[in-house]
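Trainee: This is the structure, below, for whatever I ask next.
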Amino acid sequence: MDIILNDIEVRVLGSLIEKELTTPEYYPLSLNALTNACNQKSNRDPAMTLAEEEVVRALDSLRFKQLAVLSADGGRVPKYRHLMAEKSGLMPAELAIICELLVRGPQTVGELRTRGERMHPFGDLAAVEEVLQELLVRETPLITLLPRQSGRKEGRYAQLFSGIPENSEESSEARPEPARQRVVAENERVAKLEAEVASLREEILALRRLMEEFKKQFE
């Protein structure tokens, strides 16, 4: 695709689409509401903790790429809406599938049907597969079918707004828990400090030897 989005832009765009489809009465979104939507714990993968400044930068970039706009509803608080339907000519069912892939990453047909129901009713798996096929065969495809990973029965679909996903075995492994990541980081910090202390001890010993040799010259 000509337009490539970073992770924060993907989350902001997906959150705007989601709120339009699930809570239209509160859409368009203020900056505060949009930030909360980006950072919510449910229906998000990975979880994020974005500051409003990061969301503003993402919005500015999306506006430049003609994927979002400041709403002209005349309210006292600035509000934002997406332009995905207008720019890409997406129907509601297609928009729901794209949204799910934006906010939760690659998913199987079954996962997309179950999770997408909150935004658009899908009668069965065939209905989801039909939408996926339409998104795949467009002149500029918006999604791709990832190669089936070892140990998995089904392939997963991914959005292409952030580029072609990596398919290495390493990327398919489960991410470590946040607590484990913190422990690993702490262990690395301690190991680095211990190495620095050992290096300083060697330097001190070397200085002592030089001092002793210097003293011997005057004995």
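Chain labels follow the order of the structure tokens: the first chain is A, the next B, and so on; residue numbering restarts at 1 in every chain, and ligands are counted from 1 in their shown order.
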Could you find all residues in segment 62-132 of chain A that DSSP calls strand (DSSP E or B) from the backbone, and write them as a PyMOL selection string?

Mentor: chain A and resi 68-70+79-82+107

Trainee: Using the selection just defined, write its residues with N, CA and C atoms as a CSV table (one decimal), in the first residue's frame.

Mentor:
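The result, stored in again-v6.csv:
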chain,number,residue,atom,x,y,z
A,68,ALA,N,-8.2,10.8,8.6
A,68,ALA,CA,-9.0,11.3,9.8
A,68,ALA,C,-9.1,12.8,9.5
A,69,VAL,N,-10.1,13.4,10.2
A,69,VAL,CA,-10.4,14.8,10.1
A,69,VAL,C,-11.0,15.4,11.3
A,70,LEU,N,-10.8,16.7,11.5
A,70,LEU,CA,-11.5,17.4,12.6
A,70,LEU,C,-12.9,17.6,12.3
A,79,LYS,N,-13.6,17.7,18.0
A,79,LYS,CA,-13.8,16.2,18.0
A,79,LYS,C,-13.3,15.7,16.6
A,80,TYR,N,-12.9,14.4,16.6
A,80,TYR,CA,-12.3,13.8,15.4
A,80,TYR,C,-13.1,12.6,14.9
A,81,ARG,N,-13.0,12.4,13.6
A,81,ARG,CA,-13.7,11.2,13.0
A,81,ARG,C,-12.7,10.7,11.9
A,82,HIS,N,-12.9,9.4,11.5
A,82,HIS,CA,-12.1,8.8,10.5
A,82,HIS,C,-12.7,9.0,9.1
A,107,GLN,N,-5.9,-12.3,12.9
A,107,GLN,CA,-6.9,-13.2,13.5
A,107,GLN,C,-7.4,-14.2,12.5

Trainee: Pick out the residues sitting within 9 Å of Ala96 of chain A, and hand them over as a count of residues only; count only C-alpha atoms, and ignore anything fewer than 4 positions along from it in its own chain.

Mentor: 12

Trainee: Hey, what's within 12 Å of Met48 of chain A if we count only C-alpha atoms and toss same-chain stuff fewer than 6 positions away? As a PyMOL selection string, please?

Mentor: chain A and resi 7-8+10-12+35-42+54-55+103-104+178

Trainee: Let's see if you can do this: from backbone DSSP, list all helix (DSSP H, G or I) residues in chain A, as JSON, numbers by chain.

Mentor: {"A": [7, 8, 9, 10, 11, 12, 13, 14, 15, 16, 17, 18, 19, 20, 21, 22, 24, 25, 26, 31, 32, 33, 34, 35, 36, 37, 38, 39, 52, 53, 54, 55, 56, 57, 58, 59, 60, 61, 62, 63, 64, 84, 85, 86, 87, 88, 92, 93, 94, 95, 96, 97, 98, 99, 100, 101, 102, 103, 104, 109, 110, 111, 112, 113, 114, 115, 116, 125, 126, 127, 128, 129, 130, 131, 132, 133, 134, 135, 136, 169, 170, 171, 172, 178, 179, 180, 181, 182, 183, 184, 185, 186, 187, 188, 189, 190, 191, 192, 193, 194, 195, 196, 197, 198, 199, 200, 201, 202, 203, 204, 205, 206, 207, 208, 209, 210, 211, 212, 213, 214, 215, 216]}

Trainee: Interatomic distance between atom CA of Glu154 of chain A and atom CA of Gly89 of chain A?

Mentor: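 According to the coordinates, atom CA of Glu154 of chain A and atom CA of Gly89 of chain A are separated by 28.5 Å.
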
Trainee: Between A:Ala51, A:Leu95, A:Leu31, A:Leu59, which is the closest to Pro78 of chain A once you count only C-alpha atoms?

Mentor: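 The shortest atom-to-atom distance to Pro78 of chain A comes from A:Leu31.
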
Trainee: What lies within 7 Å of Tyr157 of chain A using only C-alpha atoms, ignoring chain neighbours under 5 positions off, as a list in words?

Mentor: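 My list of contacting residues is Pro106, Gln107, Thr108, Ile143, Thr144, Leu145 and Leu146 of chain A.
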
Trainee: Using Å and a single decimal, report how far atom CA of Leu142 of chain A sits from atom CA of Leu160 of chain A.

Mentor: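 Distance between the two atoms: 5.4 Å.
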